[in-house]
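Content type mmCIF, C-alpha atoms, from the file input_7.cif:
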```cif
data_final
#
loop_
_atom_site.group_PDB
_atom_site.id
_atom_site.type_symbol
_atom_site.label_atom_id
_atom_site.label_comp_id
_atom_site.auth_asym_id
_atom_site.auth_seq_id
_atom_site.Cartn_x
_atom_site.Cartn_y
_atom_site.Cartn_z
ATOM 1 C CA MET A 181 -13.573 2.469 21.963
ATOM 2 C CA GLU A 182 -9.924 3.492 21.676
ATOM 3 C CA LYS A 183 -8.779 4.976 18.352
ATOM 4 C CA ALA A 184 -6.149 2.248 18.052
ATOM 5 C CA ASN A 185 -8.870 -0.422 18.259
ATOM 6 C CA LYS A 186 -11.006 1.410 15.701
ATOM 7 C CA ARG A 187 -8.051 1.501 13.346
ATOM 8 C CA ILE A 188 -7.492 -2.239 13.692
ATOM 9 C CA ILE A 189 -11.143 -2.941 12.925
ATOM 10 C CA TYR A 190 -11.032 -0.650 9.904
ATOM 11 C CA GLU A 191 -7.900 -2.322 8.547
ATOM 12 C CA ALA A 192 -9.098 -5.852 9.233
ATOM 13 C CA VAL A 193 -12.431 -5.206 7.505
ATOM 14 C CA LEU A 194 -10.575 -3.796 4.480
ATOM 15 C CA VAL A 195 -8.384 -6.897 4.359
ATOM 16 C CA HIS A 196 -11.434 -9.162 4.679
ATOM 17 C CA ASN A 197 -13.301 -7.355 1.888
ATOM 18 C CA ALA A 198 -10.205 -7.240 -0.319
ATOM 19 C CA PHE A 199 -9.762 -11.001 0.065
ATOM 20 C CA ASN A 200 -13.354 -11.617 -1.046
ATOM 21 C CA ASN A 201 -12.933 -9.254 -3.987
ATOM 22 C CA GLU A 202 -9.834 -11.118 -5.121
ATOM 23 C CA LEU A 203 -11.706 -14.425 -4.937
ATOM 24 C CA ASN A 204 -14.156 -12.971 -7.447
ATOM 25 C CA GLY A 205 -11.184 -12.240 -9.685
ATOM 26 C CA TYR A 206 -10.283 -15.925 -10.012
ATOM 27 C CA SER A 207 -12.533 -16.075 -13.088
ATOM 28 C CA ASP A 208 -10.724 -13.167 -14.783
ATOM 29 C CA ALA A 209 -9.286 -14.706 -17.953
ATOM 30 C CA GLU A 210 -6.518 -12.111 -18.162
ATOM 31 C CA TYR A 211 -5.529 -11.500 -14.533
ATOM 32 C CA SER A 212 -6.628 -14.583 -12.540
ATOM 33 C CA ARG A 213 -3.064 -15.376 -11.401
ATOM 34 C CA TYR A 214 -2.596 -11.838 -10.110
ATOM 35 C CA HIS A 215 -5.865 -12.053 -8.167
ATOM 36 C CA GLN A 216 -4.852 -15.402 -6.700
ATOM 37 C CA GLN A 217 -1.571 -13.988 -5.413
ATOM 38 C CA ASN A 218 -3.328 -10.997 -3.894
ATOM 39 C CA ALA A 219 -5.845 -13.289 -2.194
ATOM 40 C CA ASP A 220 -2.963 -15.233 -0.642
ATOM 41 C CA TRP A 221 -1.525 -12.003 0.753
ATOM 42 C CA PHE A 222 -4.830 -10.845 2.188
ATOM 43 C CA ARG A 223 -5.525 -14.244 3.724
ATOM 44 C CA SER A 224 -2.141 -14.092 5.436
ATOM 45 C CA PHE A 225 -2.872 -10.586 6.772
ATOM 46 C CA SER A 226 -6.173 -11.781 8.258
ATOM 47 C CA ASN A 227 -4.424 -14.717 9.886
ATOM 48 C CA ARG A 228 -1.781 -12.446 11.341
ATOM 49 C CA PHE A 229 -4.351 -10.034 12.761
ATOM 50 C CA ASN A 230 -6.018 -13.011 14.453
ATOM 51 C CA GLN A 231 -2.722 -14.307 15.798
ATOM 52 C CA ILE A 232 -1.478 -10.939 17.063
ATOM 53 C CA LEU A 233 -4.739 -10.146 18.824
ATOM 54 C CA GLY A 234 -5.484 -13.647 20.097
ATOM 55 C CA PHE A 235 -8.756 -13.912 18.201
ATOM 56 C CA THR A 236 -10.097 -17.446 17.820
ATOM 57 C CA GLY A 237 -13.547 -16.752 16.374
ATOM 58 C CA GLN A 238 -14.742 -17.276 12.823
ATOM 59 C CA THR A 239 -16.542 -14.277 11.325
ATOM 60 C CA ILE A 240 -15.542 -10.667 10.742
ATOM 61 C CA ASP A 241 -18.447 -9.556 12.947
ATOM 62 C CA GLU A 242 -17.068 -11.653 15.808
ATOM 63 C CA PHE A 243 -13.639 -10.126 15.193
ATOM 64 C CA MET A 244 -15.043 -6.591 15.383
ATOM 65 C CA ALA A 245 -16.899 -7.329 18.604
ATOM 66 C CA TYR A 246 -13.790 -8.904 20.108
ATOM 67 C CA VAL A 247 -11.388 -6.086 19.195
ATOM 68 C CA SER A 248 -13.798 -3.403 20.405
ATOM 69 C CA THR A 249 -13.437 -4.703 23.980
ATOM 70 C CA ILE A 250 -9.734 -5.521 24.352
ATOM 71 C CA ASP A 251 -6.888 -3.456 25.779
ATOM 72 C CA LEU A 252 -3.891 -3.669 23.476
ATOM 73 C CA THR A 253 -0.582 -4.628 25.053
ATOM 74 C CA GLN A 254 2.663 -2.885 24.152
ATOM 75 C CA GLU A 255 3.832 -6.058 22.438
ATOM 76 C CA GLN A 256 0.687 -6.209 20.304
ATOM 77 C CA LYS A 257 1.106 -2.561 19.325
ATOM 78 C CA LYS A 258 4.727 -3.216 18.390
ATOM 79 C CA VAL A 259 3.886 -6.196 16.166
ATOM 80 C CA LEU A 260 1.044 -4.276 14.490
ATOM 81 C CA VAL A 261 3.501 -1.505 13.598
ATOM 82 C CA GLU A 262 5.693 -4.095 11.880
ATOM 83 C CA LEU A 263 2.720 -5.498 9.970
ATOM 84 C CA ARG A 264 1.827 -2.023 8.725
ATOM 85 C CA LYS A 265 5.356 -1.556 7.386
ATOM 86 C CA GLU A 266 4.917 -4.329 4.830
ATOM 87 C CA PRO A 267 4.736 -3.015 1.243
ATOM 88 C CA MET A 268 1.696 -5.104 0.265
ATOM 89 C CA PHE A 269 -0.179 -3.846 3.326
ATOM 90 C CA LYS A 270 0.739 -0.253 2.390
ATOM 91 C CA LYS A 271 -0.511 -0.934 -1.131
ATOM 92 C CA LEU A 272 -3.943 -2.080 0.056
ATOM 93 C CA MET A 273 -4.389 0.749 2.548
ATOM 94 C CA GLY A 274 -2.952 3.373 0.224
ATOM 95 C CA GLU A 275 -4.997 2.419 -2.819
ATOM 96 C CA THR A 276 -8.149 2.274 -0.698
ATOM 97 C CA ALA A 277 -7.445 5.719 0.752
ATOM 98 C CA LEU A 278 -6.792 7.084 -2.730
ATOM 99 C CA GLN A 279 -10.415 6.359 -3.575
ATOM 100 C CA GLN A 280 -11.264 9.162 -1.127
ATOM 101 C CA LYS A 281 -8.511 11.507 -2.323
ATOM 102 C CA THR A 282 -10.945 14.070 -3.763
ATOM 103 C CA GLU A 283 -12.317 14.891 -0.310
ATOM 104 C CA LEU A 284 -8.784 15.365 0.995
ATOM 105 C CA GLU A 285 -7.819 17.576 -1.931
ATOM 106 C CA ASN A 286 -10.929 19.719 -1.553
ATOM 107 C CA THR A 287 -10.290 20.138 2.167
ATOM 108 C CA LEU A 288 -6.588 20.934 1.770
ATOM 109 C CA GLY A 289 -6.973 23.000 -1.396
ATOM 110 C CA ASN A 290 -4.153 21.105 -3.110
ATOM 111 C CA LYS A 291 -3.769 18.227 -5.538
ATOM 112 C CA ILE A 292 -2.218 15.093 -4.067
ATOM 113 C CA THR A 293 0.055 13.103 -6.370
ATOM 114 C CA CYS A 294 3.305 11.168 -6.244
ATOM 115 C CA ASN A 295 4.242 11.955 -9.855
ATOM 116 C CA GLY A 296 7.617 13.647 -10.160
ATOM 117 C CA MET A 297 9.611 14.695 -13.196
ATOM 118 C CA THR A 298 8.931 13.267 -16.663
ATOM 119 C CA PHE A 299 11.752 12.019 -18.870
ATOM 120 C CA ALA A 300 11.558 10.990 -22.529
ATOM 121 C CA ASP A 301 13.821 8.626 -24.475
ATOM 122 C CA GLU A 302 13.530 6.240 -27.414
ATOM 123 C CA ASN A 303 11.156 4.091 -25.360
ATOM 124 C CA GLY A 304 8.766 6.957 -24.658
ATOM 125 C CA ALA A 305 8.002 9.066 -21.617
ATOM 126 C CA ARG A 306 8.868 7.848 -18.125
ATOM 127 C CA VAL A 307 7.516 9.517 -15.007
ATOM 128 C CA ALA A 308 9.564 9.457 -11.823
ATOM 129 C CA VAL A 309 8.053 9.158 -8.378
ATOM 130 C CA LYS A 310 8.658 12.126 -6.095
ATOM 131 C CA THR A 311 11.582 11.630 -3.745
ATOM 132 C CA GLU A 312 11.007 10.306 -0.260
ATOM 133 C CA GLN A 313 12.089 13.684 1.152
ATOM 134 C CA GLN A 314 9.595 15.566 -1.033
ATOM 135 C CA LEU A 315 6.771 13.268 0.024
ATOM 136 C CA GLU A 316 7.651 13.503 3.714
ATOM 137 C CA GLN A 317 7.683 17.308 3.461
ATOM 138 C CA GLU A 318 4.282 17.325 1.773
ATOM 139 C CA LEU A 319 2.881 14.999 4.437
ATOM 140 C CA ALA A 320 4.167 17.289 7.192
ATOM 141 C CA VAL A 321 2.644 20.378 5.554
ATOM 142 C CA TYR A 322 -0.738 18.729 5.002
ATOM 143 C CA SER A 323 -0.794 17.283 8.519
ATOM 144 C CA VAL A 324 -0.290 20.773 9.957
ATOM 145 C CA LYS A 325 -3.001 22.132 7.666
ATOM 146 C CA LEU A 326 -5.502 19.537 8.896
ATOM 147 C CA SER A 327 -4.626 20.365 12.509
ATOM 148 C CA GLU A 328 -5.228 24.035 11.812
ATOM 149 C CA LEU A 329 -8.585 23.273 10.178
ATOM 150 C CA LEU A 330 -9.566 21.258 13.243
ATOM 151 C CA SER A 331 -8.482 24.053 15.622
ATOM 152 C CA SER A 332 -10.507 26.598 13.659
ATOM 153 C CA LYS A 333 -13.490 24.180 13.700
ATOM 154 C CA PHE A 334 -13.602 24.157 9.900
ATOM 155 C CA ILE A 335 -13.702 20.367 10.205
ATOM 156 C CA SER A 336 -14.990 18.203 13.043
ATOM 157 C CA GLU A 337 -12.830 15.862 15.099
ATOM 158 C CA GLU A 338 -14.369 12.890 13.325
ATOM 159 C CA GLN A 339 -13.585 14.411 9.921
ATOM 160 C CA TYR A 340 -10.076 15.175 11.086
ATOM 161 C CA ASP A 341 -9.476 11.595 12.231
ATOM 162 C CA ASN A 342 -10.704 10.163 8.922
ATOM 163 C CA LEU A 343 -8.859 12.660 6.717
ATOM 164 C CA ASN A 344 -5.637 12.456 8.682
ATOM 165 C CA GLN A 345 -5.659 8.660 8.631
ATOM 166 C CA ASN A 346 -6.257 8.576 4.881
ATOM 167 C CA LEU A 347 -3.488 11.133 4.412
ATOM 168 C CA ASP A 348 -1.087 8.866 6.306
ATOM 169 C CA TYR A 349 -2.122 5.784 4.326
ATOM 170 C CA ILE A 350 -1.685 7.606 1.014
ATOM 171 C CA TYR A 351 1.744 8.993 1.818
ATOM 172 C CA GLU A 352 2.990 5.739 3.344
ATOM 173 C CA TYR A 353 2.056 4.145 0.022
ATOM 174 C CA TYR A 354 3.623 6.935 -2.027
ATOM 175 C CA ILE A 355 6.856 6.749 -0.025
ATOM 176 C CA SER A 356 6.899 2.981 -0.491
ATOM 177 C CA ARG A 357 6.571 3.531 -4.243
ATOM 178 C CA SER A 358 9.396 6.069 -4.139
ATOM 179 C CA ARG A 359 11.626 3.446 -2.514
ATOM 180 C CA GLY A 360 10.773 0.950 -5.258
ATOM 181 C CA GLU A 361 9.116 -1.376 -2.747
ATOM 182 C CA GLN A 362 5.946 -1.729 -4.806
ATOM 183 C CA LEU A 363 7.600 -3.160 -7.926
ATOM 184 C CA PRO A 364 7.174 -6.825 -6.857
ATOM 185 C CA PHE A 365 3.418 -6.244 -6.445
ATOM 186 C CA ARG A 366 2.771 -4.752 -9.883
ATOM 187 C CA LYS A 367 -0.283 -5.938 -11.794
ATOM 188 C CA MET A 368 0.650 -8.677 -14.268
ATOM 189 C CA THR A 369 -1.330 -10.625 -16.842
ATOM 190 C CA ASN A 370 -1.531 -14.410 -16.981
ATOM 191 C CA ASN A 371 0.554 -14.266 -20.154
ATOM 192 C CA GLN A 372 3.297 -12.379 -18.334
ATOM 193 C CA TYR A 373 3.345 -14.986 -15.577
ATOM 194 C CA GLU A 374 3.502 -17.742 -18.198
ATOM 195 C CA LYS A 375 6.421 -16.037 -19.960
ATOM 196 C CA ILE A 376 8.344 -15.885 -16.686
ATOM 197 C CA LYS A 377 7.569 -19.565 -16.069
ATOM 198 C CA GLN A 378 8.855 -20.515 -19.521
ATOM 199 C CA ASP A 379 12.009 -18.410 -19.091
ATOM 200 C CA ALA A 380 12.641 -20.046 -15.720
ATOM 201 C CA GLN A 381 12.478 -23.503 -17.295
ATOM 202 C CA LYS A 382 14.756 -22.386 -20.132
ATOM 203 C CA ASN A 383 17.285 -20.947 -17.661
ATOM 204 C CA GLY A 384 17.098 -23.918 -15.305
ATOM 205 C CA ILE A 385 16.025 -21.878 -12.301
ATOM 206 C CA SER A 386 12.897 -21.678 -10.162
ATOM 207 C CA PHE A 387 9.934 -19.476 -10.988
ATOM 208 C CA SER A 388 10.644 -17.283 -7.948
ATOM 209 C CA GLU A 389 14.277 -16.795 -9.020
ATOM 210 C CA GLN A 390 13.204 -15.800 -12.529
ATOM 211 C CA MET A 391 10.580 -13.441 -11.114
ATOM 212 C CA TYR A 392 13.251 -11.871 -8.920
ATOM 213 C CA GLN A 393 15.493 -11.277 -11.952
ATOM 214 C CA VAL A 394 12.658 -9.645 -13.899
ATOM 215 C CA THR A 395 11.840 -7.430 -10.928
ATOM 216 C CA GLN A 396 15.509 -6.487 -10.562
ATOM 217 C CA ASP A 397 15.612 -5.383 -14.211
ATOM 218 C CA LEU A 398 12.581 -3.203 -13.545
ATOM 219 C CA ARG A 399 14.316 -1.889 -10.432
ATOM 220 C CA TYR A 400 17.364 -0.826 -12.456
ATOM 221 C CA ASP A 401 15.127 1.143 -14.831
ATOM 222 C CA PHE A 402 13.215 2.621 -11.886
ATOM 223 C CA ASP A 403 16.406 3.659 -10.088
ATOM 224 C CA GLU A 404 17.739 5.244 -13.280
ATOM 225 C CA VAL A 405 14.709 7.517 -13.589
ATOM 226 C CA GLN A 406 14.805 8.348 -9.881
ATOM 227 C CA GLU A 407 18.476 9.282 -10.165
ATOM 228 C CA LEU A 408 17.800 11.489 -13.195
ATOM 229 C CA GLN A 409 15.158 13.265 -11.107
ATOM 230 C CA SER A 410 17.552 13.706 -8.187
ATOM 231 C CA GLN A 411 20.152 15.223 -10.505
ATOM 232 C CA GLY A 412 17.534 17.595 -11.901
ATOM 233 C CA ILE A 413 16.469 18.673 -8.411
ATOM 234 C CA ARG A 414 20.067 19.280 -7.308
ATOM 235 C CA LYS A 415 20.903 21.502 -10.305
#
```
For the file at hand, write its structure as structure tokens.
Amino acid sequence: MEKANKRIIYEAVLVHNAFNNELNGYSDAEYSRYHQQNADWFRSFSNRFNQILGFTGQTIDEFMAYVSTIDLTQEQKKVLVELRKEPMFKKLMGETALQQKTELENTLGNKITCNGMTFADENGARVAVKTEQQLEQELAVYSVKLSELLSSKFISEEQYDNLNQNLDYIYEYYISRSRGEQLPFRKMTNNQYEKIKQDAQKNGISFSEQMYQVTQDLRYDFDEVQELQSQGIRK
């Protein structure tokens, strides 16, 4: 089976399992709304995989069998690249890969983190996310290191494929965080959702408009810390 097909199966199974996990979260008294929104995202990703690949079956096992036998067209590859650029998709893949970060760190001999500079004010400490340039440089260094470990036979080709893919998922997620793309997908309690709903009614706007305003306020704070970090790096 081609590596591209294996990757699709891996991602689709993760999406399928994540959807089922979020369904279990519907009974969470504190975060049920958050789990419901995540489930909607993961359902949409599954539907898009099916549409892109022309799959008309029902089960994940049927999907795996189907994808293992097809030859991907250039158009399918192009659309899959666009799907993988979506912040929520990066969040799922990145957070899943982070569960295996210890193996990567042990292999590379370095700690992997996106935490940048820390700043303190009257509201407490705020930690910036490393800049996109810093993260891209780290990714390049670690990618070369894995290639060298493969060439020296310190790791097998299978280990290399798994580690390198997880490295990419993690840094795609970190870079997305550095851009502020992950702010709309932050974990929120039911009470926080209710507060936004009440504020929307008070302000005479829709829930989505009120949510956008709240996220924008968070974005201003985020950008402020990122700019302070950039100034510190330039000095």
inquiry  = Could you check the closest approach to Met297 in chain A for each of A:Glu182, A:Glu407, A:Glu283, A:Glu191 and tell me which residue wins, using only C-alpha atoms?
reply    = A:Glu407
ask   = If you count all atoms listed in the file, which residues fall within 9 Å of range 329-346 of chain A, apart from same-chain ones fewer than 6 positions away, as a VMD selection string?
value = chain A and resid 187 273 to 274 276 to 278 280 to 281 283 to 284 287 to 288 322 to 323
8 Å per side around range 303-309 of chain A: axis-aligned box centre and edge lengths, as lines of an AutoDock Vina configuration file:
```
center_x = 9.3
center_y = 6.8
center_z = -16.9
size_x = 19.6
size_y = 21.4
size_z = 33.0
```
task = Spell out the residues picked by the PyMOL selection byres ((chain A and resi 359-370) around 7) here, as a list of chain:residue names.
result = A:Glu210, A:Tyr211, A:Ser212, A:Arg213, A:Tyr214, A:Pro267, A:Ile355, A:Ser356, A:Arg357, A:Ser358, A:Asn371, A:Gln372, A:Tyr373, A:Glu374, A:Thr395, A:Arg399
Those selected residues, please, written with C-alpha atoms and delivered as a PDB file, keeping the file's coordinate frame.
```pdb
ATOM      1  CA  GLU A 210      -6.518 -12.111 -18.162  1.00  0.00           C
ATOM      2  CA  TYR A 211      -5.529 -11.500 -14.533  1.00  0.00           C
ATOM      3  CA  SER A 212      -6.628 -14.583 -12.540  1.00  0.00           C
ATOM      4  CA  ARG A 213      -3.064 -15.376 -11.401  1.00  0.00           C
ATOM      5  CA  TYR A 214      -2.596 -11.838 -10.110  1.00  0.00           C
ATOM      6  CA  PRO A 267       4.736  -3.015   1.243  1.00  0.00           C
ATOM      7  CA  ILE A 355       6.856   6.749  -0.025  1.00  0.00           C
ATOM      8  CA  SER A 356       6.899   2.981  -0.491  1.00  0.00           C
ATOM      9  CA  ARG A 357       6.571   3.531  -4.243  1.00  0.00           C
ATOM     10  CA  SER A 358       9.396   6.069  -4.139  1.00  0.00           C
ATOM     11  CA  ASN A 371       0.554 -14.266 -20.154  1.00  0.00           C
ATOM     12  CA  GLN A 372       3.297 -12.379 -18.334  1.00  0.00           C
ATOM     13  CA  TYR A 373       3.345 -14.986 -15.577  1.00  0.00           C
ATOM     14  CA  GLU A 374       3.502 -17.742 -18.198  1.00  0.00           C
ATOM     15  CA  THR A 395      11.840  -7.430 -10.928  1.00  0.00           C
ATOM     16  CA  ARG A 399      14.316  -1.889 -10.432  1.00  0.00           C
TER      17      ARG A 399
END
```
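Note that the spacing between CA of Met181 in chain A and CA of Ser248 in chain A amounts to 6.1 Å.
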note = Computed gap from CA of Phe222 in chain A to CA of Glu262 in chain A is 15.8 Å
Using all atoms listed in the file: which of A:Ile189, A:Val307, A:Val261, A:Leu347 has the shortest distance to Val405 in chain A =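 Looking only at the distances to Val405 in chain A, the closest residue turns out to be A:Val307.
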key: Computed interatomic separation between CA of Glu352 in chain A and CA of Lys270 in chain A (Å)   = 6.5 Å
What's the 12 Å shell around Gly412 in chain A, counting only C-alpha atoms, without same-chain residues fewer than 3 positions away, as a tab-separated table (two decimals) with C-alpha atoms, in the frame of the given file?
```tsv
chain	number	residue	atom	x	y	z
A	296	GLY	CA	7.62	13.65	-10.16
A	297	MET	CA	9.61	14.70	-13.20
A	298	THR	CA	8.93	13.27	-16.66
A	299	PHE	CA	11.75	12.02	-18.87
A	308	ALA	CA	9.56	9.46	-11.82
A	310	LYS	CA	8.66	12.13	-6.10
A	311	THR	CA	11.58	11.63	-3.74
A	405	VAL	CA	14.71	7.52	-13.59
A	406	GLN	CA	14.80	8.35	-9.88
A	407	GLU	CA	18.48	9.28	-10.16
A	408	LEU	CA	17.80	11.49	-13.20
A	409	GLN	CA	15.16	13.26	-11.11
A	415	LYS	CA	20.90	21.50	-10.30
```
message = Running the PyMOL selection byres ((chain A and resi 315) around 10) on this model by hand, what would come out? Give it as a ChimeraX atom specification.
response = /A:293-294,309-314,316-321,351-352,354-355,358
task = Would you kindly return, as a VMD selection string, each protein, DNA or RNA residue with an atom no farther than 12 Å from any atom of Asn200 in chain A, considering all atoms listed in the file and excluding same-chain residues fewer than 6 positions away?
result = chain A and resid 193 to 194 206 215 to 216 218 to 223 226
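Counting all atoms listed in the file and comparing A:Ser327, A:Arg228, A:Ile376, A:Tyr246, the residue that lies closest to Met391 in chain A is A:Ile376.
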query = Taking into account all atoms listed in the file, which residue in the set A:Ile188, A:Tyr353, A:Ser388, A:Val394 is nearest to Leu272 in chain A?
reply = A:Tyr353
request  = Any chance you could resolve the PyMOL selection byres ((chain A and resi 235) around 12) against this file and give the residues as a ChimeraX atom specification?
outcome  = /A:226-234,236-250
request  = Find, counting only C-alpha atoms, the residue in A:Ala380, A:Ala192, A:Ala184, A:Ala198 that gets nearest to Glu275 in chain A.
outcome  =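 Closest to Glu275 in chain A of all the choices is A:Ala198.
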